[in-house]
>>> print(open('query-v9.csv').read())   # CSV, C-alpha atoms
chain,number,residue,atom,x,y,z
O,1,MET,CA,18.8,22.0,38.7
O,2,ASN,CA,15.7,24.3,39.1
O,3,MET,CA,12.8,22.0,38.0
O,4,LYS,CA,10.7,24.9,36.7
O,5,TYR,CA,8.9,23.1,33.9
O,6,ILE,CA,8.5,19.8,35.7
O,7,THR,CA,6.9,21.6,38.7
O,8,LYS,CA,4.4,23.4,36.3
O,9,ILE,CA,3.6,20.2,34.5
O,10,LYS,CA,2.9,18.3,37.7
O,11,ALA,CA,0.6,21.2,38.8
O,12,ASN,CA,-1.3,21.0,35.5
O,13,LEU,CA,-1.7,17.2,35.9
O,14,SER,CA,-2.8,17.6,39.5
O,15,ILE,CA,-5.6,20.0,38.5
O,16,TYR,CA,-6.8,17.6,35.7
O,17,THR,CA,-6.7,14.5,37.9
O,18,LYS,CA,-8.9,16.2,40.6
O,19,LYS,CA,-11.7,16.0,38.0
O,20,LYS,CA,-10.7,12.8,36.2
O,21,SER,CA,-9.1,9.5,37.1
O,22,SER,CA,-5.4,9.8,37.5
O,23,ASN,CA,-5.0,6.6,35.5
O,24,ILE,CA,-6.6,7.8,32.2
O,25,LEU,CA,-3.5,9.4,30.7
O,26,GLU,CA,-1.2,6.5,31.7
O,27,GLY,CA,-3.7,3.9,30.6
O,28,THR,CA,-4.1,5.6,27.2
O,29,TYR,CA,-0.3,5.6,26.7
O,30,ASN,CA,0.1,2.0,27.9
O,31,SER,CA,-2.4,0.7,25.4
O,32,ILE,CA,-1.7,2.5,22.1
O,33,TYR,CA,1.2,0.3,20.9
O,34,LYS,CA,-0.2,-3.1,21.6
O,35,GLY,CA,-1.2,-5.2,18.6
O,36,LYS,CA,-1.5,-8.8,17.3
O,37,SER,CA,2.1,-9.0,16.3
O,38,MET,CA,3.4,-8.3,19.9
O,39,ASN,CA,4.5,-11.2,22.1
O,40,PHE,CA,2.9,-11.8,25.5
O,41,GLU,CA,5.3,-11.3,28.4
O,42,ASP,CA,3.6,-10.8,31.7
O,43,LEU,CA,0.5,-9.6,33.6
O,44,ARG,CA,-0.1,-6.2,35.2
O,45,GLU,CA,-3.0,-4.6,36.9
O,46,TYR,CA,-5.6,-2.9,34.7
O,47,VAL,CA,-5.7,0.9,34.4
O,48,ILE,CA,-8.4,3.0,32.7
O,49,GLY,CA,-7.7,3.3,29.0
O,50,ASP,CA,-6.5,-0.3,28.5
O,51,ASN,CA,-8.1,-2.5,25.9
O,52,VAL,CA,-10.7,-4.7,27.7
O,53,LYS,CA,-9.8,-7.4,25.1
O,54,ASP,CA,-6.5,-7.8,26.8
O,55,ILE,CA,-7.9,-8.7,30.2
O,56,ASP,CA,-6.9,-12.1,31.4
O,57,TRP,CA,-10.1,-13.2,33.1
O,58,LYS,CA,-8.8,-16.5,34.5
O,59,ALA,CA,-5.9,-14.8,36.2
O,60,SER,CA,-8.2,-11.9,37.4
O,61,ALA,CA,-10.5,-14.4,39.0
O,62,ARG,CA,-7.6,-16.1,40.9
O,63,THR,CA,-6.3,-12.9,42.3
O,64,ASN,CA,-9.4,-10.8,42.7
O,65,LYS,CA,-7.8,-8.1,40.6
O,66,ILE,CA,-8.4,-7.1,37.0
O,67,LEU,CA,-5.2,-8.1,35.2
O,68,ILE,CA,-4.0,-7.1,31.7
O,69,LYS,CA,-1.8,-9.1,29.5
O,70,GLN,CA,1.5,-7.2,29.0
O,71,TYR,CA,3.4,-7.4,25.8
O,72,ILE,CA,7.1,-7.1,25.2
O,73,ALA,CA,6.6,-4.0,23.1
O,74,GLU,CA,5.2,-2.2,26.1
O,75,LYS,CA,8.4,-2.6,28.1
O,76,LYS,CA,10.7,-0.1,26.5
O,77,HIS,CA,10.4,2.5,23.8
O,78,ASN,CA,12.7,5.2,22.4
O,79,VAL,CA,10.6,8.4,22.2
O,80,LEU,CA,12.0,11.2,20.1
O,81,PHE,CA,10.7,14.8,20.0
O,82,ILE,CA,11.4,16.8,16.9
O,83,LEU,CA,10.9,20.4,17.9
O,84,ASP,CA,10.3,23.4,15.7
O,85,THR,CA,12.4,26.4,16.8
O,86,GLY,CA,11.3,28.7,14.0
O,87,LYS,CA,10.6,32.4,14.8
O,88,LYS,CA,6.9,31.8,14.1
O,89,MET,CA,6.8,29.8,17.4
O,90,LEU,CA,7.2,33.1,19.2
O,91,ALA,CA,3.7,34.2,18.0
O,92,ASP,CA,0.4,33.6,19.8
O,93,THR,CA,-2.1,30.7,19.5
O,94,LYS,CA,-5.7,31.0,18.4
O,95,ASP,CA,-6.6,31.6,22.0
O,96,LEU,CA,-3.9,34.4,22.2
O,97,GLU,CA,-1.6,32.4,24.4
O,98,SER,CA,2.2,32.2,23.8
O,99,LYS,CA,2.8,29.4,21.2
O,100,LYS,CA,6.2,28.9,22.8
O,101,GLU,CA,4.7,28.2,26.2
O,102,VAL,CA,2.0,26.0,24.9
O,103,ALA,CA,4.7,24.0,22.9
O,104,LEU,CA,6.9,23.7,26.0
O,105,ILE,CA,4.2,22.5,28.3
O,106,ALA,CA,2.8,20.1,25.6
O,107,VAL,CA,6.3,18.5,25.1
O,108,GLY,CA,6.9,18.3,28.9
O,109,THR,CA,3.5,16.7,29.5
O,110,ILE,CA,4.1,14.0,26.9
O,111,ALA,CA,7.7,13.5,28.0
O,112,TYR,CA,6.6,13.2,31.7
O,113,LEU,CA,4.1,10.5,30.8
O,114,VAL,CA,6.8,8.7,28.7
O,115,ASP,CA,9.2,8.8,31.7
O,116,LYS,CA,6.6,7.4,34.1
O,117,HIS,CA,6.2,4.5,31.7
O,118,GLY,CA,9.9,3.8,31.9
O,119,ASP,CA,10.6,4.8,28.3
O,120,SER,CA,13.6,6.8,27.1
O,121,VAL,CA,13.3,10.4,25.9
O,122,SER,CA,15.3,12.2,23.3
O,123,ALA,CA,14.8,15.5,21.5
O,124,ILE,CA,16.3,17.3,18.5
O,125,PHE,CA,16.0,20.8,17.3
O,126,LYS,CA,17.9,23.5,15.5
O,127,THR,CA,19.8,26.0,17.6
O,128,HIS,CA,21.2,29.3,16.3
O,129,ASP,CA,24.4,27.7,15.2
O,130,LYS,CA,23.9,23.9,15.1
O,131,ILE,CA,21.5,20.9,15.4
O,132,LYS,CA,21.2,19.9,19.0
O,133,LEU,CA,20.4,16.2,19.6
O,134,PHE,CA,19.9,14.9,23.2
O,135,PRO,CA,20.7,11.2,23.8
O,136,PHE,CA,17.9,8.8,24.8
O,137,LYS,CA,17.7,8.9,28.6
O,138,THR,CA,15.1,8.4,31.4
O,139,GLY,CA,14.6,10.7,34.3
O,140,LEU,CA,12.9,14.1,35.0
O,141,TYR,CA,16.2,15.9,35.0
O,142,ASN,CA,16.6,14.9,31.3
O,143,ILE,CA,13.2,16.3,30.5
O,144,GLU,CA,13.8,19.6,32.3
O,145,ASN,CA,17.2,19.9,30.6
O,146,ILE,CA,15.5,19.5,27.2
O,147,LEU,CA,12.8,22.0,27.9
O,148,THR,CA,15.2,24.6,29.3
O,149,TYR,CA,17.5,24.3,26.3
O,150,TYR,CA,14.5,24.4,23.9
O,151,GLU,CA,13.1,27.6,25.4
O,152,LYS,CA,16.3,29.5,24.8
O,153,GLU,CA,16.6,28.4,21.1
O,154,ILE,CA,13.2,29.3,19.7
O,155,ASP,CA,13.8,32.1,17.2
O,156,THR,CA,15.7,30.5,14.4
O,157,ASN,CA,15.3,30.3,10.6
O,158,TYR,CA,15.4,26.7,9.7
O,159,ASN,CA,13.4,24.3,7.5
O,160,LEU,CA,11.7,21.6,9.7
O,161,GLU,CA,11.8,19.2,6.8
O,162,ASP,CA,15.6,19.4,6.8
O,163,LEU,CA,15.6,18.5,10.5
O,164,ILE,CA,13.4,15.5,9.8
O,165,ASN,CA,15.7,14.4,7.0
O,166,TYR,CA,18.6,14.7,9.4
O,167,VAL,CA,16.8,12.3,11.8
O,168,LEU,CA,16.1,9.9,8.9
O,169,LYS,CA,19.8,9.9,7.9
O,170,PHE,CA,21.5,9.7,11.2
O,171,ILE,CA,19.2,8.0,13.7
O,172,ARG,CA,18.9,4.3,12.7
O,173,LYS,CA,16.4,2.8,15.2
O,174,ARG,CA,12.7,2.3,15.4
O,175,MET,CA,11.1,5.1,17.5
O,176,ILE,CA,7.9,6.8,18.7
O,177,ILE,CA,8.2,10.3,17.3
O,178,PHE,CA,6.3,13.4,18.3
O,179,VAL,CA,6.8,16.4,16.0
O,180,VAL,CA,5.8,19.7,17.6
O,181,THR,CA,5.3,22.5,15.2
O,182,ASP,CA,2.4,24.6,13.7
O,183,ILE,CA,0.3,24.4,10.5
O,184,ALA,CA,3.0,26.2,8.5
O,185,GLY,CA,5.6,23.6,9.6
O,186,MET,CA,3.2,20.7,8.8
O,187,SER,CA,2.1,22.0,5.4
O,188,ASN,CA,5.6,22.5,4.2
O,189,ILE,CA,6.7,18.9,4.8
O,190,SER,CA,6.7,16.9,1.6
O,191,GLU,CA,4.8,13.6,1.2
O,192,LYS,CA,8.0,11.9,0.4
O,193,THR,CA,9.5,12.8,3.8
O,194,LEU,CA,6.3,11.9,5.7
O,195,LYS,CA,6.3,8.5,4.0
O,196,ARG,CA,9.9,7.8,5.0
O,197,LEU,CA,9.3,9.1,8.5
O,198,SER,CA,6.3,6.8,9.1
O,199,LEU,CA,7.7,3.8,7.4
O,200,ILE,CA,9.1,2.1,10.5
O,201,ASN,CA,8.3,4.7,13.2
O,202,ASP,CA,5.0,5.6,15.1
O,203,VAL,CA,4.6,9.3,14.3
O,204,MET,CA,2.3,11.9,15.9
O,205,PHE,CA,2.2,15.6,15.2
O,206,VAL,CA,1.3,18.3,17.7
O,207,ASN,CA,0.0,21.4,15.9
O,208,VAL,CA,0.3,24.5,18.0
O,209,SER,CA,-2.4,26.8,16.6
O,210,ASP,CA,-2.0,30.3,15.2
O,211,ALA,CA,-3.7,33.5,16.1
O,212,PHE,CA,-5.7,35.1,13.3
O,213,MET,CA,-4.2,38.1,11.5
O,214,THR,CA,-7.5,39.9,11.9
O,215,GLY,CA,-8.8,40.5,15.4
O,216,ASN,CA,-7.6,42.5,18.4
O,217,SER,CA,-4.1,43.8,19.2
O,218,VAL,CA,-2.3,41.4,16.8
O,219,PHE,CA,1.5,41.6,16.8
O,220,ASP,CA,3.4,40.9,13.7
O,221,ILE,CA,6.7,39.1,14.7
O,222,ASP,CA,8.2,39.5,11.3
O,223,GLN,CA,7.7,43.3,11.2
O,224,ASP,CA,8.2,43.6,15.0
O,225,SER,CA,5.1,45.8,15.3
O,226,TYR,CA,1.3,45.7,15.9
O,227,ILE,CA,-0.9,45.3,12.9
O,228,PRO,CA,-2.9,48.6,12.3
O,229,ASP,CA,-6.5,48.6,13.4
O,230,TYR,CA,-7.9,49.3,9.9
O,231,ILE,CA,-6.5,45.9,8.8
O,232,LEU,CA,-7.7,44.0,11.9
O,233,GLU,CA,-11.2,45.3,11.5
O,234,ASP,CA,-11.5,44.7,7.7
O,235,GLU,CA,-14.4,42.2,7.3
O,236,LYS,CA,-13.3,41.3,3.8
O,237,LEU,CA,-9.8,40.5,4.9
O,238,LYS,CA,-11.3,38.3,7.7
O,239,GLU,CA,-13.2,36.3,5.1
O,240,ILE,CA,-10.1,35.9,2.9
O,241,GLU,CA,-7.9,34.9,5.9
O,242,LEU,CA,-10.5,32.3,7.1
O,243,GLU,CA,-10.8,30.9,3.5
O,244,ILE,CA,-7.0,30.5,3.1
O,245,LYS,CA,-6.6,28.9,6.6
O,246,ASN,CA,-9.3,26.4,5.9
O,247,LYS,CA,-7.8,25.5,2.6
O,248,ILE,CA,-4.4,24.9,4.1
O,249,TYR,CA,-5.8,22.9,7.0
O,250,LYS,CA,-7.9,20.7,4.6
O,251,GLU,CA,-4.9,20.0,2.3
O,252,THR,CA,-2.5,19.3,5.2
O,253,ASN,CA,-5.0,17.0,7.0
O,254,GLU,CA,-5.5,15.0,3.8
O,255,LYS,CA,-1.8,14.6,3.3
O,256,PHE,CA,-1.3,13.3,6.8
O,257,LYS,CA,-4.3,11.0,6.6
O,258,LYS,CA,-2.8,9.5,3.4
O,259,HIS,CA,0.2,8.4,5.4
O,260,LYS,CA,-1.8,7.4,8.5
O,261,ILE,CA,-0.1,10.0,10.7
O,262,VAL,CA,-2.3,11.3,13.5
O,263,THR,CA,-2.3,15.0,14.5
O,264,LYS,CA,-3.9,17.1,17.2
O,265,THR,CA,-4.2,20.9,17.4
O,266,ILE,CA,-3.6,22.6,20.8
O,267,ASN,CA,-4.9,26.1,21.5
O,268,LYS,CA,-4.2,26.7,25.1
O,269,GLN,CA,-2.4,25.3,28.1
O,270,LYS,CA,-5.4,24.3,30.2
O,271,ASP,CA,-6.5,21.9,27.4
O,272,ILE,CA,-3.1,20.2,27.0
O,273,VAL,CA,-3.8,17.1,29.1
O,274,LYS,CA,-7.1,16.6,27.4
O,275,ASP,CA,-5.7,17.1,23.9
O,276,VAL,CA,-2.7,14.7,24.6
O,277,ILE,CA,-5.3,12.0,25.6
O,278,LYS,CA,-7.1,12.6,22.3
O,279,LEU,CA,-3.9,12.4,20.3
O,280,LEU,CA,-3.0,9.1,22.0
O,281,GLU,CA,-6.5,7.7,21.5
O,282,ARG,CA,-6.3,8.5,17.8
O,283,GLN,CA,-2.9,6.7,17.6
O,284,LYS,CA,-4.4,3.7,19.4
O,285,ASN,CA,-7.3,3.6,16.9
O,286,ALA,CA,-4.9,4.0,14.0
O,287,ASN,CA,-2.9,1.0,15.2
O,288,ILE,CA,-6.0,-1.1,15.7
O,289,ASN,CA,-7.3,-0.3,12.2
>>> encode(input="query-v9.csv", output="structure tokens")
Amino acid sequence: MNMKYITKIKANLSIYTKKKSSNILEGTYNSIYKGKSMNFEDLREYVIGDNVKDIDWKASARTNKILIKQYIAEKKHNVLFILDTGKKMLADTKDLESKKEVALIAVGTIAYLVDKHGDSVSAIFKTHDKIKLFPFKTGLYNIENILTYYEKEIDTNYNLEDLINYVLKFIRKRMIIFVVTDIAGMSNISEKTLKRLSLINDVMFVNVSDAFMTGNSVFDIDQDSYIPDYILEDEKLKEIELEIKNKIYKETNEKFKKHKIVTKTINKQKDIVKDVIKLLERQKNANIN
């Protein structure tokens, strides 16, 4: 298999780790699911991002290494990606990058991290004629297969909430869930569904941002044409659009906070690693609180 996406993801991570510690991302992921209810299992070496409260100082003194208490819950997770394949994912982000490409690299980056941790990855999304569910597996070939399939299926008309309800009905296990969509997908999910989804699962949403309707050379994917300049340059329309977007963001964020579901907006590919770290840190803090 041509590892097109894995190669690109490794390159992005390599660029980031030249400036930052290579352990930051792994350490953040390692530490987000530890809590008081988890049972001590073993010791492992400290990496940046671990909670210093979990350092075993006596064992560290004996070995001359900083050792962290490892918990059973760290050893294996089932990580599910719920992916939006709606036509709107063919549009551009706020920074005028392809939403599809940003979504693909964001999913791949998180999945790559999950695989390095030894956890199993699955994905579900709507294709043009069915719901596609990948079994939980480890390995980079599994991730590449998911991303390759996902890329081909973006351009459907399907309600993301229906897909989430399908997961709730047919997948009966505790999972870490990443939902990758945009603000329209997030805002249209009911509180009832969010409550059910987060009841036994750890849930995080990746919001791939949208370009503004007013601006320069904006393409309308629904009309399959560029928006006329007289609309793009209308100052009153710009004010109205900004007001509407701010209202939707505020209402959506309040809904997600109510159910203690963390989110992160991603605008461009070069910020994906940094934004994933922020998402995981928010989840860690939510678990602590």
>>> atom_distance(input="query-v9.csv", atom1="CA of Ile240 (chain O)", atom2="CA of Asp210 (chain O)")
15.8 Å
>>> residues_near_point(input="query-v9.csv", point="(13.8, 29.8, 13.6)", cutoff="9 Å", atoms="all atoms listed in the file", output="PDB file with C-alpha atoms, in the coordinates of the input")
ATOM      1  CA  ASP O  84      10.300  23.400  15.700  1.00  0.00           C
ATOM      2  CA  THR O  85      12.400  26.400  16.800  1.00  0.00           C
ATOM      3  CA  GLY O  86      11.300  28.700  14.000  1.00  0.00           C
ATOM      4  CA  LYS O  87      10.600  32.400  14.800  1.00  0.00           C
ATOM      5  CA  LYS O  88       6.900  31.800  14.100  1.00  0.00           C
ATOM      6  CA  MET O  89       6.800  29.800  17.400  1.00  0.00           C
ATOM      7  CA  LYS O 126      17.900  23.500  15.500  1.00  0.00           C
ATOM      8  CA  THR O 127      19.800  26.000  17.600  1.00  0.00           C
ATOM      9  CA  HIS O 128      21.200  29.300  16.300  1.00  0.00           C
ATOM     10  CA  GLU O 153      16.600  28.400  21.100  1.00  0.00           C
ATOM     11  CA  ILE O 154      13.200  29.300  19.700  1.00  0.00           C
ATOM     12  CA  ASP O 155      13.800  32.100  17.200  1.00  0.00           C
ATOM     13  CA  THR O 156      15.700  30.500  14.400  1.00  0.00           C
ATOM     14  CA  ASN O 157      15.300  30.300  10.600  1.00  0.00           C
ATOM     15  CA  TYR O 158      15.400  26.700   9.700  1.00  0.00           C
ATOM     16  CA  ASN O 159      13.400  24.300   7.500  1.00  0.00           C
TER      17      ASN O 159
END
>>> closest_residue(input="query-v9.csv", among="O:Tyr166, O:Ile6, O:Lys192, O:Asp42", to="Leu140 (chain O)", atoms="all atoms listed in the file")
O:Ile6
>>> closest_residue(input="query-v9.csv", among="O:Thr63, O:Glu161, O:Leu147, O:Thr28", to="Glu281 (chain O)", atoms="only C-alpha atoms")
O:Thr28
>>> residues_around(input="query-v9.csv", residues="region 259-268 of chain O", least_positions_apart="4", cutoff="8 Å", atoms="all atoms listed in the file", output="VMD selection string")
chain O and resid 93 to 95 97 102 194 to 195 198 203 to 209 255 272 275 to 276 278 to 279 282 to 283 286
>>> write_last_selection(input="query-v9.csv", atoms="C-alpha atoms", output="PDB file, in the coordinates of the input")
ATOM      1  CA  THR O  93      -2.100  30.700  19.500  1.00  0.00           C
ATOM      2  CA  LYS O  94      -5.700  31.000  18.400  1.00  0.00           C
ATOM      3  CA  ASP O  95      -6.600  31.600  22.000  1.00  0.00           C
ATOM      4  CA  GLU O  97      -1.600  32.400  24.400  1.00  0.00           C
ATOM      5  CA  VAL O 102       2.000  26.000  24.900  1.00  0.00           C
ATOM      6  CA  LEU O 194       6.300  11.900   5.700  1.00  0.00           C
ATOM      7  CA  LYS O 195       6.300   8.500   4.000  1.00  0.00           C
ATOM      8  CA  SER O 198       6.300   6.800   9.100  1.00  0.00           C
ATOM      9  CA  VAL O 203       4.600   9.300  14.300  1.00  0.00           C
ATOM     10  CA  MET O 204       2.300  11.900  15.900  1.00  0.00           C
ATOM     11  CA  PHE O 205       2.200  15.600  15.200  1.00  0.00           C
ATOM     12  CA  VAL O 206       1.300  18.300  17.700  1.00  0.00           C
ATOM     13  CA  ASN O 207       0.000  21.400  15.900  1.00  0.00           C
ATOM     14  CA  VAL O 208       0.300  24.500  18.000  1.00  0.00           C
ATOM     15  CA  SER O 209      -2.400  26.800  16.600  1.00  0.00           C
ATOM     16  CA  LYS O 255      -1.800  14.600   3.300  1.00  0.00           C
ATOM     17  CA  ILE O 272      -3.100  20.200  27.000  1.00  0.00           C
ATOM     18  CA  ASP O 275      -5.700  17.100  23.900  1.00  0.00           C
ATOM     19  CA  VAL O 276      -2.700  14.700  24.600  1.00  0.00           C
ATOM     20  CA  LYS O 278      -7.100  12.600  22.300  1.00  0.00           C
ATOM     21  CA  LEU O 279      -3.900  12.400  20.300  1.00  0.00           C
ATOM     22  CA  ARG O 282      -6.300   8.500  17.800  1.00  0.00           C
ATOM     23  CA  GLN O 283      -2.900   6.700  17.600  1.00  0.00           C
ATOM     24  CA  ALA O 286      -4.900   4.000  14.000  1.00  0.00           C
TER      25      ALA O 286
END
>>> closest_residue(input="query-v9.csv", among="O:Asn287, O:Asn201, O:Thr181, O:Asn188", to="Ala106 (chain O)", atoms="all atoms listed in the file")
O:Thr181
>>> closest_residue(input="query-v9.csv", among="O:Asp50, O:Leu80, O:Glu239, O:Tyr149", to="Val179 (chain O)", atoms="all atoms listed in the file")
O:Leu80
>>> closest_residue(input="query-v9.csv", among="O:Phe134, O:Tyr112, O:Trp57, O:Phe212", to="Leu83 (chain O)", atoms="all atoms listed in the file")
O:Phe134
>>> atom_distance(input="query-v9.csv", atom1="CA of Leu160 (chain O)", atom2="CA of Gly185 (chain O)")
6.4 Å
>>> atom_distance(input="query-v9.csv", atom1="CA of Phe256 (chain O)", atom2="CA of His117 (chain O)")
27.5 Å
>>> closest_residue(input="query-v9.csv", among="O:Tyr5, O:Tyr249, O:Phe170, O:Phe81", to="Ile183 (chain O)", atoms="all atoms listed in the file")
O:Tyr249
>>> residues_around(input="query-v9.csv", residues="Phe136 (chain O)", least_positions_apart="4", cutoff="12 Å", atoms="all atoms listed in the file", output="list in words")
Lys76, His77, Asn78, Val79, Leu80, Phe81, Ala111, Val114, Asp115, Gly118, Asp119, Ser120, Val121, Ser122, Ala123, Ile124, Asn142, Ile143, Ile146, Ile171, Lys173, Met175 and Ile176 of chain O
>>> closest_atom_pairs(input="query-v9.csv", of="region 108-153 of chain O", to="region 12-16 of chain O", cutoff="12 Å", atoms="all atoms listed in the file", output="JSON lines")
{"residue": "O:Gly108", "atom": "CA", "partner": "O:Asn12", "partner_atom": "CA", "distance": 10.9}
{"residue": "O:Thr109", "atom": "CA", "partner": "O:Leu13", "partner_atom": "CA", "distance": 8.3}
{"residue": "O:Ile110", "atom": "CA", "partner": "O:Leu13", "partner_atom": "CA", "distance": 11.2}
{"residue": "O:Tyr112", "atom": "CA", "partner": "O:Leu13", "partner_atom": "CA", "distance": 10.1}
{"residue": "O:Leu113", "atom": "CA", "partner": "O:Leu13", "partner_atom": "CA", "distance": 10.2}
>>> decode(input="query-v9.csv", residues="region 129-183 of chain O", atoms="C-alpha atoms", output="PDB file, in the first residue's frame")
ATOM      1  CA  ASP O 129     -24.460   4.195  -0.483  1.00  0.00           C
ATOM      2  CA  LYS O 130     -23.862   2.868   3.054  1.00  0.00           C
ATOM      3  CA  ILE O 131     -22.321   3.419   6.478  1.00  0.00           C
ATOM      4  CA  LYS O 132     -18.713   2.265   6.528  1.00  0.00           C
ATOM      5  CA  LEU O 133     -17.360   0.981   9.849  1.00  0.00           C
ATOM      6  CA  PHE O 134     -13.726  -0.082  10.193  1.00  0.00           C
ATOM      7  CA  PRO O 135     -12.972  -2.683  12.904  1.00  0.00           C
ATOM      8  CA  PHE O 136     -10.726  -1.700  15.818  1.00  0.00           C
ATOM      9  CA  LYS O 137      -7.143  -2.445  14.805  1.00  0.00           C
ATOM     10  CA  THR O 138      -3.576  -1.311  15.446  1.00  0.00           C
ATOM     11  CA  GLY O 139      -0.989  -0.524  12.792  1.00  0.00           C
ATOM     12  CA  LEU O 140      -0.182   2.237  10.328  1.00  0.00           C
ATOM     13  CA  TYR O 141      -1.675   0.322   7.392  1.00  0.00           C
ATOM     14  CA  ASN O 142      -5.033   0.456   9.179  1.00  0.00           C
ATOM     15  CA  ILE O 143      -4.755   4.255   9.512  1.00  0.00           C
ATOM     16  CA  GLU O 144      -3.691   4.712   5.880  1.00  0.00           C
ATOM     17  CA  ASN O 145      -6.609   2.553   4.747  1.00  0.00           C
ATOM     18  CA  ILE O 146      -9.088   4.643   6.747  1.00  0.00           C
ATOM     19  CA  LEU O 147      -7.731   7.926   5.383  1.00  0.00           C
ATOM     20  CA  THR O 148      -7.648   6.700   1.778  1.00  0.00           C
ATOM     21  CA  TYR O 149     -11.243   5.487   1.990  1.00  0.00           C
ATOM     22  CA  TYR O 150     -12.408   8.655   3.775  1.00  0.00           C
ATOM     23  CA  GLU O 151     -10.888  10.927   1.129  1.00  0.00           C
ATOM     24  CA  LYS O 152     -12.911   9.239  -1.621  1.00  0.00           C
ATOM     25  CA  GLU O 153     -16.236   9.477   0.217  1.00  0.00           C
ATOM     26  CA  ILE O 154     -16.348  13.167   1.187  1.00  0.00           C
ATOM     27  CA  ASP O 155     -19.288  14.618  -0.776  1.00  0.00           C
ATOM     28  CA  THR O 156     -22.403  12.992   0.664  1.00  0.00           C
ATOM     29  CA  ASN O 157     -25.659  14.329   2.034  1.00  0.00           C
ATOM     30  CA  TYR O 158     -26.040  12.806   5.466  1.00  0.00           C
ATOM     31  CA  ASN O 159     -26.989  13.958   8.945  1.00  0.00           C
ATOM     32  CA  LEU O 160     -24.038  13.610  11.322  1.00  0.00           C
ATOM     33  CA  GLU O 161     -26.403  13.126  14.257  1.00  0.00           C
ATOM     34  CA  ASP O 162     -27.869  10.050  12.530  1.00  0.00           C
ATOM     35  CA  LEU O 163     -24.341   8.622  12.288  1.00  0.00           C
ATOM     36  CA  ILE O 164     -23.714   9.255  15.993  1.00  0.00           C
ATOM     37  CA  ASN O 165     -27.007   7.581  16.879  1.00  0.00           C
ATOM     38  CA  TYR O 166     -25.954   4.599  14.767  1.00  0.00           C
ATOM     39  CA  VAL O 167     -22.777   4.365  16.885  1.00  0.00           C
ATOM     40  CA  LEU O 168     -24.821   4.560  20.089  1.00  0.00           C
ATOM     41  CA  LYS O 169     -27.126   1.794  18.896  1.00  0.00           C
ATOM     42  CA  PHE O 170     -24.633  -0.696  17.494  1.00  0.00           C
ATOM     43  CA  ILE O 171     -21.258  -0.203  19.214  1.00  0.00           C
ATOM     44  CA  ARG O 172     -21.576  -1.397  22.799  1.00  0.00           C
ATOM     45  CA  LYS O 173     -18.232  -0.605  24.391  1.00  0.00           C
ATOM     46  CA  ARG O 174     -16.525   2.253  26.204  1.00  0.00           C
ATOM     47  CA  MET O 175     -14.448   4.308  23.791  1.00  0.00           C
ATOM     48  CA  ILE O 176     -12.429   7.444  23.286  1.00  0.00           C
ATOM     49  CA  ILE O 177     -14.282   9.224  20.484  1.00  0.00           C
ATOM     50  CA  PHE O 178     -13.022  11.960  18.181  1.00  0.00           C
ATOM     51  CA  VAL O 179     -15.729  13.565  16.041  1.00  0.00           C
ATOM     52  CA  VAL O 180     -14.324  15.483  13.062  1.00  0.00           C
ATOM     53  CA  THR O 181     -16.751  17.946  11.500  1.00  0.00           C
ATOM     54  CA  ASP O 182     -17.354  21.699  11.228  1.00  0.00           C
ATOM     55  CA  ILE O 183     -19.453  24.241  13.111  1.00  0.00           C
TER      56      ILE O 183
END
